[in-house]
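Shown here: coords29.cif, mmCIF, C-alpha atoms.
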data_run
loop_
_atom_site.group_PDB
_atom_site.id
_atom_site.type_symbol
_atom_site.label_atom_id
_atom_site.label_comp_id
_atom_site.auth_asym_id
_atom_site.auth_seq_id
_atom_site.Cartn_x
_atom_site.Cartn_y
_atom_site.Cartn_z
ATOM 1 C CA MET A 1 98.675 125.180 105.300
ATOM 2 C CA THR A 2 96.751 124.155 108.412
ATOM 3 C CA ARG A 3 94.918 120.824 108.580
ATOM 4 C CA VAL A 4 91.628 122.771 108.516
ATOM 5 C CA ASN A 5 92.533 124.378 105.178
ATOM 6 C CA ARG A 6 94.388 121.390 103.790
ATOM 7 C CA PRO A 7 92.801 119.735 100.738
ATOM 8 C CA PHE A 8 90.886 116.494 101.166
ATOM 9 C CA VAL A 9 92.987 113.853 99.434
ATOM 10 C CA ILE A 10 91.686 110.627 97.904
ATOM 11 C CA GLY A 11 93.966 107.871 96.658
ATOM 12 C CA VAL A 12 92.398 105.632 94.006
ATOM 13 C CA ALA A 13 94.193 102.371 93.177
ATOM 14 C CA GLY A 14 93.361 99.226 91.229
ATOM 15 C CA GLY A 15 94.667 96.956 88.523
ATOM 16 C CA THR A 16 95.060 97.839 84.875
ATOM 17 C CA CYS A 17 91.718 98.797 83.298
ATOM 18 C CA SER A 18 89.874 98.159 86.552
ATOM 19 C CA GLY A 19 87.888 101.370 86.162
ATOM 20 C CA LYS A 20 89.906 103.528 88.561
ATOM 21 C CA THR A 21 90.365 106.251 85.933
ATOM 22 C CA THR A 22 86.609 106.282 85.349
ATOM 23 C CA VAL A 23 86.034 106.683 89.095
ATOM 24 C CA ALA A 24 88.454 109.610 89.203
ATOM 25 C CA GLU A 25 87.003 111.274 86.108
ATOM 26 C CA ARG A 26 83.426 110.875 87.329
ATOM 27 C CA LEU A 27 84.419 112.559 90.570
ATOM 28 C CA VAL A 28 85.812 115.438 88.508
ATOM 29 C CA ASP A 29 82.529 115.659 86.579
ATOM 30 C CA LEU A 30 80.433 115.548 89.749
ATOM 31 C CA VAL A 31 82.540 117.917 91.850
ATOM 32 C CA GLY A 32 83.903 120.262 89.163
ATOM 33 C CA THR A 33 87.377 121.118 87.916
ATOM 34 C CA ASP A 34 87.377 124.297 90.000
ATOM 35 C CA ARG A 35 87.195 122.248 93.207
ATOM 36 C CA LEU A 36 89.123 119.097 92.319
ATOM 37 C CA ALA A 37 92.677 118.508 91.109
ATOM 38 C CA LEU A 38 93.301 115.144 89.465
ATOM 39 C CA ILE A 39 96.797 113.666 89.522
ATOM 40 C CA ARG A 40 97.526 110.490 87.570
ATOM 41 C CA GLN A 41 100.372 108.293 88.748
ATOM 42 C CA ASP A 42 101.319 107.556 85.128
ATOM 43 C CA ALA A 43 102.773 111.065 85.018
ATOM 44 C CA TYR A 44 105.570 109.828 87.286
ATOM 45 C CA TYR A 45 107.018 107.045 85.179
ATOM 46 C CA ILE A 46 110.786 107.440 85.339
ATOM 47 C CA ASP A 47 112.692 109.180 82.571
ATOM 48 C CA ARG A 48 114.072 106.536 80.173
ATOM 49 C CA THR A 49 115.802 108.850 77.703
ATOM 50 C CA HIS A 50 119.032 106.930 78.239
ATOM 51 C CA GLN A 51 117.425 103.704 76.955
ATOM 52 C CA ALA A 52 116.872 102.577 73.377
ATOM 53 C CA PHE A 53 113.272 102.498 72.200
ATOM 54 C CA ASP A 54 113.115 98.688 72.125
ATOM 55 C CA ASP A 55 114.388 98.533 75.702
ATOM 56 C CA ARG A 56 111.785 101.065 76.787
ATOM 57 C CA ALA A 57 109.063 99.057 75.057
ATOM 58 C CA ARG A 58 110.080 95.902 76.949
ATOM 59 C CA ALA A 59 110.222 97.548 80.380
ATOM 60 C CA ASN A 60 107.871 96.492 83.164
ATOM 61 C CA TYR A 61 105.609 99.508 83.716
ATOM 62 C CA ASP A 62 103.586 97.769 86.433
ATOM 63 C CA HIS A 63 106.563 97.330 88.769
ATOM 64 C CA PRO A 64 107.241 99.859 91.553
ATOM 65 C CA ASP A 65 110.704 100.499 90.066
ATOM 66 C CA ALA A 66 109.023 102.048 87.010
ATOM 67 C CA PHE A 67 107.975 105.112 89.036
ATOM 68 C CA ASP A 68 109.760 108.187 90.363
ATOM 69 C CA TRP A 69 108.534 107.943 93.950
ATOM 70 C CA GLU A 70 110.640 110.823 95.225
ATOM 71 C CA LEU A 71 109.199 113.305 92.722
ATOM 72 C CA MET A 72 105.714 111.876 93.233
ATOM 73 C CA ASN A 73 105.815 112.444 96.990
ATOM 74 C CA GLN A 74 107.486 115.849 96.672
ATOM 75 C CA GLN A 75 104.940 117.203 94.203
ATOM 76 C CA LEU A 76 101.887 115.874 96.013
ATOM 77 C CA ALA A 77 103.153 117.311 99.306
ATOM 78 C CA ALA A 78 103.803 120.658 97.587
ATOM 79 C CA LEU A 79 100.296 120.684 96.100
ATOM 80 C CA LEU A 80 98.800 120.011 99.526
ATOM 81 C CA ALA A 81 100.878 122.861 100.909
ATOM 82 C CA GLY A 82 99.193 125.255 98.486
ATOM 83 C CA GLU A 83 101.782 125.309 95.699
ATOM 84 C CA THR A 84 101.151 124.973 91.973
ATOM 85 C CA ILE A 85 103.141 122.018 90.615
ATOM 86 C CA PRO A 86 104.628 121.244 87.149
ATOM 87 C CA LEU A 87 103.145 117.798 86.553
ATOM 88 C CA PRO A 88 105.182 115.689 84.075
ATOM 89 C CA VAL A 89 103.500 114.445 80.896
ATOM 90 C CA TYR A 90 104.077 110.857 79.806
ATOM 91 C CA ASP A 91 104.255 109.886 76.125
ATOM 92 C CA TYR A 92 102.819 106.360 75.753
ATOM 93 C CA ALA A 93 103.862 106.087 72.104
ATOM 94 C CA ASP A 94 107.498 106.832 72.949
ATOM 95 C CA HIS A 95 107.468 104.899 76.256
ATOM 96 C CA ASN A 96 109.074 107.868 77.964
ATOM 97 C CA ARG A 97 108.443 111.055 79.866
ATOM 98 C CA SER A 98 107.967 113.929 77.438
ATOM 99 C CA LYS A 99 109.517 117.366 77.758
ATOM 100 C CA ASP A 100 106.112 118.909 78.493
ATOM 101 C CA VAL A 101 104.549 119.635 81.865
ATOM 102 C CA VAL A 102 101.045 120.620 82.963
ATOM 103 C CA MET A 103 100.691 123.175 85.735
ATOM 104 C CA VAL A 104 98.302 121.917 88.415
ATOM 105 C CA ALA A 105 96.936 124.422 90.906
ATOM 106 C CA PRO A 106 95.787 123.611 94.451
ATOM 107 C CA ALA A 107 92.133 122.694 94.964
ATOM 108 C CA PRO A 108 89.920 121.764 97.933
ATOM 109 C CA ILE A 109 89.920 118.138 96.754
ATOM 110 C CA VAL A 110 92.862 116.214 95.311
ATOM 111 C CA VAL A 111 92.438 112.805 93.684
ATOM 112 C CA PHE A 112 95.579 110.749 93.120
ATOM 113 C CA GLU A 113 94.889 107.820 90.775
ATOM 114 C CA GLY A 114 97.131 104.951 89.690
ATOM 115 C CA ILE A 115 97.789 101.227 89.794
ATOM 116 C CA LEU A 116 100.170 101.576 92.747
ATOM 117 C CA ALA A 117 98.558 104.538 94.490
ATOM 118 C CA LEU A 118 98.323 102.542 97.741
ATOM 119 C CA TYR A 119 101.709 100.817 97.495
ATOM 120 C CA ASP A 120 104.010 103.400 99.077
ATOM 121 C CA ALA A 121 103.608 104.049 102.810
ATOM 122 C CA SER A 122 104.741 107.690 102.665
ATOM 123 C CA LEU A 123 102.259 108.382 99.869
ATOM 124 C CA ARG A 124 99.426 106.667 101.765
ATOM 125 C CA GLU A 125 100.058 108.952 104.708
ATOM 126 C CA LEU A 126 98.985 111.904 102.545
ATOM 127 C CA PHE A 127 95.589 110.365 101.774
ATOM 128 C CA ASP A 128 92.475 111.114 103.800
ATOM 129 C CA LEU A 129 90.601 108.343 102.023
ATOM 130 C CA SER A 130 92.055 105.307 100.235
ATOM 131 C CA VAL A 131 90.028 103.559 97.548
ATOM 132 C CA PHE A 132 90.679 100.322 95.652
ATOM 133 C CA VAL A 133 88.718 99.594 92.478
ATOM 134 C CA ASP A 134 88.261 95.823 92.312
ATOM 135 C CA THR A 135 87.370 94.275 88.945
ATOM 136 C CA ASP A 136 87.642 90.670 87.721
ATOM 137 C CA PRO A 137 90.887 89.885 85.846
ATOM 138 C CA ASP A 138 89.131 88.689 82.684
ATOM 139 C CA VAL A 139 87.167 91.929 82.450
ATOM 140 C CA ARG A 140 90.330 93.980 82.930
ATOM 141 C CA LEU A 141 92.183 92.014 80.250
ATOM 142 C CA ILE A 142 89.403 92.488 77.691
ATOM 143 C CA ARG A 143 89.301 96.214 78.437
ATOM 144 C CA ARG A 144 93.094 96.459 78.081
ATOM 145 C CA LEU A 145 93.051 94.656 74.746
ATOM 146 C CA LYS A 146 90.419 97.013 73.372
ATOM 147 C CA ARG A 147 92.131 100.127 74.749
ATOM 148 C CA ASP A 148 95.642 99.355 73.582
ATOM 149 C CA VAL A 149 94.551 98.341 70.091
ATOM 150 C CA ARG A 150 92.286 101.353 69.713
ATOM 151 C CA ASP A 151 94.266 104.091 71.460
ATOM 152 C CA ARG A 152 97.903 102.984 71.394
ATOM 153 C CA GLY A 153 98.271 101.184 68.076
ATOM 154 C CA ARG A 154 99.297 97.907 69.681
ATOM 155 C CA THR A 155 98.783 94.427 68.257
ATOM 156 C CA PRO A 156 96.787 91.818 70.228
ATOM 157 C CA ASP A 157 99.838 89.529 70.356
ATOM 158 C CA SER A 158 102.065 92.224 71.855
ATOM 159 C CA ILE A 159 99.390 93.121 74.404
ATOM 160 C CA MET A 160 98.926 89.514 75.499
ATOM 161 C CA ASN A 161 102.676 88.954 75.728
ATOM 162 C CA GLN A 162 103.106 92.021 77.914
ATOM 163 C CA TYR A 163 100.128 91.042 80.050
ATOM 164 C CA MET A 164 101.464 87.563 80.771
ATOM 165 C CA THR A 165 105.123 88.517 81.276
ATOM 166 C CA THR A 166 104.835 91.734 83.308
ATOM 167 C CA VAL A 167 101.291 93.008 83.916
ATOM 168 C CA ARG A 168 99.747 89.940 85.524
ATOM 169 C CA PRO A 169 102.771 88.994 87.693
ATOM 170 C CA SER A 170 103.131 92.568 88.958
ATOM 171 C CA HIS A 171 99.430 92.766 89.726
ATOM 172 C CA ILE A 172 99.655 89.620 91.837
ATOM 173 C CA GLN A 173 102.861 90.680 93.586
ATOM 174 C CA PHE A 174 102.326 94.415 94.151
ATOM 175 C CA ILE A 175 98.911 95.765 93.208
ATOM 176 C CA GLU A 176 96.468 93.213 94.603
ATOM 177 C CA PRO A 177 98.191 93.131 98.039
ATOM 178 C CA SER A 178 97.811 96.928 98.328
ATOM 179 C CA LYS A 179 94.047 96.414 98.545
ATOM 180 C CA ARG A 180 94.440 95.765 102.273
ATOM 181 C CA TYR A 181 95.211 99.460 102.764
ATOM 182 C CA ALA A 182 91.918 100.617 101.226
ATOM 183 C CA ASP A 183 89.227 102.277 103.311
ATOM 184 C CA VAL A 184 86.709 101.658 100.540
ATOM 185 C CA ILE A 185 86.648 98.881 97.924
ATOM 186 C CA ILE A 186 84.589 99.623 94.812
ATOM 187 C CA PRO A 187 83.565 96.645 92.671
ATOM 188 C CA GLU A 188 83.440 97.164 88.906
ATOM 189 C CA GLY A 189 84.750 100.716 88.750
ATOM 190 C CA GLY A 190 83.245 104.021 87.793
ATOM 191 C CA HIS A 191 79.795 102.785 86.865
ATOM 192 C CA ASN A 192 79.046 101.775 90.446
ATOM 193 C CA ASP A 193 76.759 104.692 91.254
ATOM 194 C CA ARG A 194 76.103 103.661 94.848
ATOM 195 C CA ALA A 195 79.804 103.560 95.616
ATOM 196 C CA LEU A 196 80.273 106.988 94.030
ATOM 197 C CA ASP A 197 77.441 108.305 96.198
ATOM 198 C CA VAL A 198 79.367 107.075 99.244
ATOM 199 C CA LEU A 199 82.517 108.872 98.081
ATOM 200 C CA LEU A 200 80.630 112.098 97.395
ATOM 201 C CA ALA A 201 78.999 111.971 100.825
ATOM 202 C CA ARG A 202 82.405 111.522 102.441
ATOM 203 C CA ILE A 203 83.832 114.417 100.448
ATOM 204 C CA SER A 204 80.893 116.663 101.332
ATOM 205 C CA SER A 205 81.236 115.926 105.036
ATOM 206 C CA ALA A 206 84.960 116.661 104.888
ATOM 207 C CA ILE A 207 84.944 119.955 103.002
ATOM 208 C CA GLY A 208 81.450 121.242 103.745
#
Take the structure from the file and write it as structure tokens.
Amino acid sequence: MTRVNRPFVIGVAGGTCSGKTTVAERLVDLVGTDRLALIRQDAYYIDRTHQAFDDRARANYDHPDAFDWELMNQQLAALLAGETIPLPVYDYADHNRSKDVVMVAPAPIVVFEGILALYDASLRELFDLSVFVDTDPDVRLIRRLKRDVRDRGRTPDSIMNQYMTTVRPSHIQFIEPSKRYADVIIPEGGHNDRALDVLLARISSAIG
């Protein structure tokens, strides 16, 4: 696929519950599913079938080692080359990659969203625009508490323990430093309409 016909690729990073998913989903709503393919980095958590459930539950899912970077880069490159890819499906309840896949077809715009979307240099090279969603830590923690209790059946104590032992340290060590690679920093996530207007204008100028 020539550079002229190559999709316009946006990488969207940010800490847990920063609002990066909302940014990505609002772009889908504004642009349309027929013109935008959304890839979530969570799909590329490594396969932990060999581990006991308790070990999987204790794993650090905010560390770079939690992701299958080779598959991530291979599939994104294939999608940009015009191929349909079998995107893995992650099972949060089982803390493991499921046996299911979702077929993702090429589109004029590709959004790749995840906490470490800007961490890997080879992945960054595929992005035409790099975005970091920057939200205060206390806001992110409150959002995570509400989400994990409501959607994942977690207890507040388990959420806080995980946050202090793995989530917060990994954010400081890996996620926050990746902000320096961003072309655009969006405060407060997907409800920042002015920032979304900037992204849409950039997309429009790129794909016509």
Counting all atoms listed in the file, what are the residues of range 84-183 of chain A within 7 Å of range 4-24 of chain A, and for each of them which pair of atoms is the nearest and at what distance in Å, to one decimal? Sort the table by chain and rising number, as a tab-separated table.
residue	atom	partner	partner_atom	distance
A:Ala107	CA	A:Pro7	CA	6.5
A:Pro108	CA	A:Pro7	CA	4.5
A:Ile109	CA	A:Phe8	CA	4.8
A:Val110	CA	A:Val9	CA	4.8
A:Val111	CA	A:Ile10	CA	4.8
A:Phe112	CA	A:Gly11	CA	4.8
A:Glu113	CA	A:Val12	CA	4.6
A:Gly114	CA	A:Ala13	CA	5.2
A:Ile115	CA	A:Gly14	CA	5.1
A:Leu116	CA	A:Ala13	CA	6.0
A:Ala117	CA	A:Ala13	CA	5.0
A:Leu118	CA	A:Ala13	CA	6.2
A:Phe127	CA	A:Val9	CA	4.9
A:Asp128	CA	A:Val9	CA	5.2
A:Leu129	CA	A:Ile10	CA	4.8
A:Ser130	CA	A:Gly11	CA	4.8
A:Val131	CA	A:Val12	CA	4.7
A:Phe132	CA	A:Ala13	CA	4.8
A:Val133	CA	A:Gly14	CA	4.8
A:Asp134	CA	A:Gly14	CA	6.2
A:Thr135	CA	A:Ser18	CA	5.2
A:Arg140	CA	A:Cys17	CA	5.0
A:Arg143	CA	A:Cys17	CA	6.0
A:Arg144	CA	A:Cys17	CA	5.9
A:His171	CA	A:Gly15	CA	6.5
A:Ile175	CA	A:Gly15	CA	6.4
Query - Result set, the PyMOL selection byres ((chain A and resi 73-80) around 8) on current file, as a PyMOL selection string - result: chain A and resi 1+6-7+69-72+81-85+87+105-106+122-123+126
Limited to C-alpha atoms, could you put the picked residues into a file as a short mmCIF file (atom, residue, chain, number, x, y, z; two decimals), in the coordinates of the input?
data_model
loop_
_atom_site.label_atom_id
_atom_site.label_comp_id
_atom_site.auth_asym_id
_atom_site.auth_seq_id
_atom_site.Cartn_x
_atom_site.Cartn_y
_atom_site.Cartn_z
CA MET A 1 98.68 125.18 105.30
CA ARG A 6 94.39 121.39 103.79
CA PRO A 7 92.80 119.74 100.74
CA TRP A 69 108.53 107.94 93.95
CA GLU A 70 110.64 110.82 95.22
CA LEU A 71 109.20 113.30 92.72
CA MET A 72 105.71 111.88 93.23
CA ALA A 81 100.88 122.86 100.91
CA GLY A 82 99.19 125.26 98.49
CA GLU A 83 101.78 125.31 95.70
CA THR A 84 101.15 124.97 91.97
CA ILE A 85 103.14 122.02 90.62
CA LEU A 87 103.14 117.80 86.55
CA ALA A 105 96.94 124.42 90.91
CA PRO A 106 95.79 123.61 94.45
CA SER A 122 104.74 107.69 102.66
CA LEU A 123 102.26 108.38 99.87
CA LEU A 126 98.98 111.90 102.54
#
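We find CA of Ala37 in chain A and CA of Arg202 in chain A to be spaced 16.8 Å apart.
One distance worth recording is that between CA of Arg58 in chain A and CA of Gln162 in chain A, which is 8.0 Å.
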Please enclose the listed atoms of range 151-155 of chain A in an axis-aligned box, pad each side by 4 Å, and write out the centre and the three edge lengths in Å, rounded to one decimal, as JSON.
{"center_x": 96.8, "center_y": 99.3, "center_z": 69.8, "size_x": 13.0, "size_y": 17.7, "size_z": 11.4}
Query raised in the report: Counting all atoms listed in the file, what is within 9 Å of range 97-104 of chain A, bar same-chain residues fewer than 5 positions away, as a ChimeraX atom specification?
Result: /A:37-39,43-49,79,83-92
With C-alpha atoms retained, could you export that selection as a JSON list (two decimals), in the frame of the given file?
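Okay, this is what ended up in again.json:
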[["chain", "number", "residue", "atom", "x", "y", "z"],
["A", 37, "ALA", "CA", 92.68, 118.51, 91.11],
["A", 38, "LEU", "CA", 93.30, 115.14, 89.46],
["A", 39, "ILE", "CA", 96.80, 113.67, 89.52],
["A", 43, "ALA", "CA", 102.77, 111.06, 85.02],
["A", 44, "TYR", "CA", 105.57, 109.83, 87.29],
["A", 45, "TYR", "CA", 107.02, 107.04, 85.18],
["A", 46, "ILE", "CA", 110.79, 107.44, 85.34],
["A", 47, "ASP", "CA", 112.69, 109.18, 82.57],
["A", 48, "ARG", "CA", 114.07, 106.54, 80.17],
["A", 49, "THR", "CA", 115.80, 108.85, 77.70],
["A", 79, "LEU", "CA", 100.30, 120.68, 96.10],
["A", 83, "GLU", "CA", 101.78, 125.31, 95.70],
["A", 84, "THR", "CA", 101.15, 124.97, 91.97],
["A", 85, "ILE", "CA", 103.14, 122.02, 90.62],
["A", 86, "PRO", "CA", 104.63, 121.24, 87.15],
["A", 87, "LEU", "CA", 103.14, 117.80, 86.55],
["A", 88, "PRO", "CA", 105.18, 115.69, 84.08],
["A", 89, "VAL", "CA", 103.50, 114.44, 80.90],
["A", 90, "TYR", "CA", 104.08, 110.86, 79.81],
["A", 91, "ASP", "CA", 104.26, 109.89, 76.12],
["A", 92, "TYR", "CA", 102.82, 106.36, 75.75]]
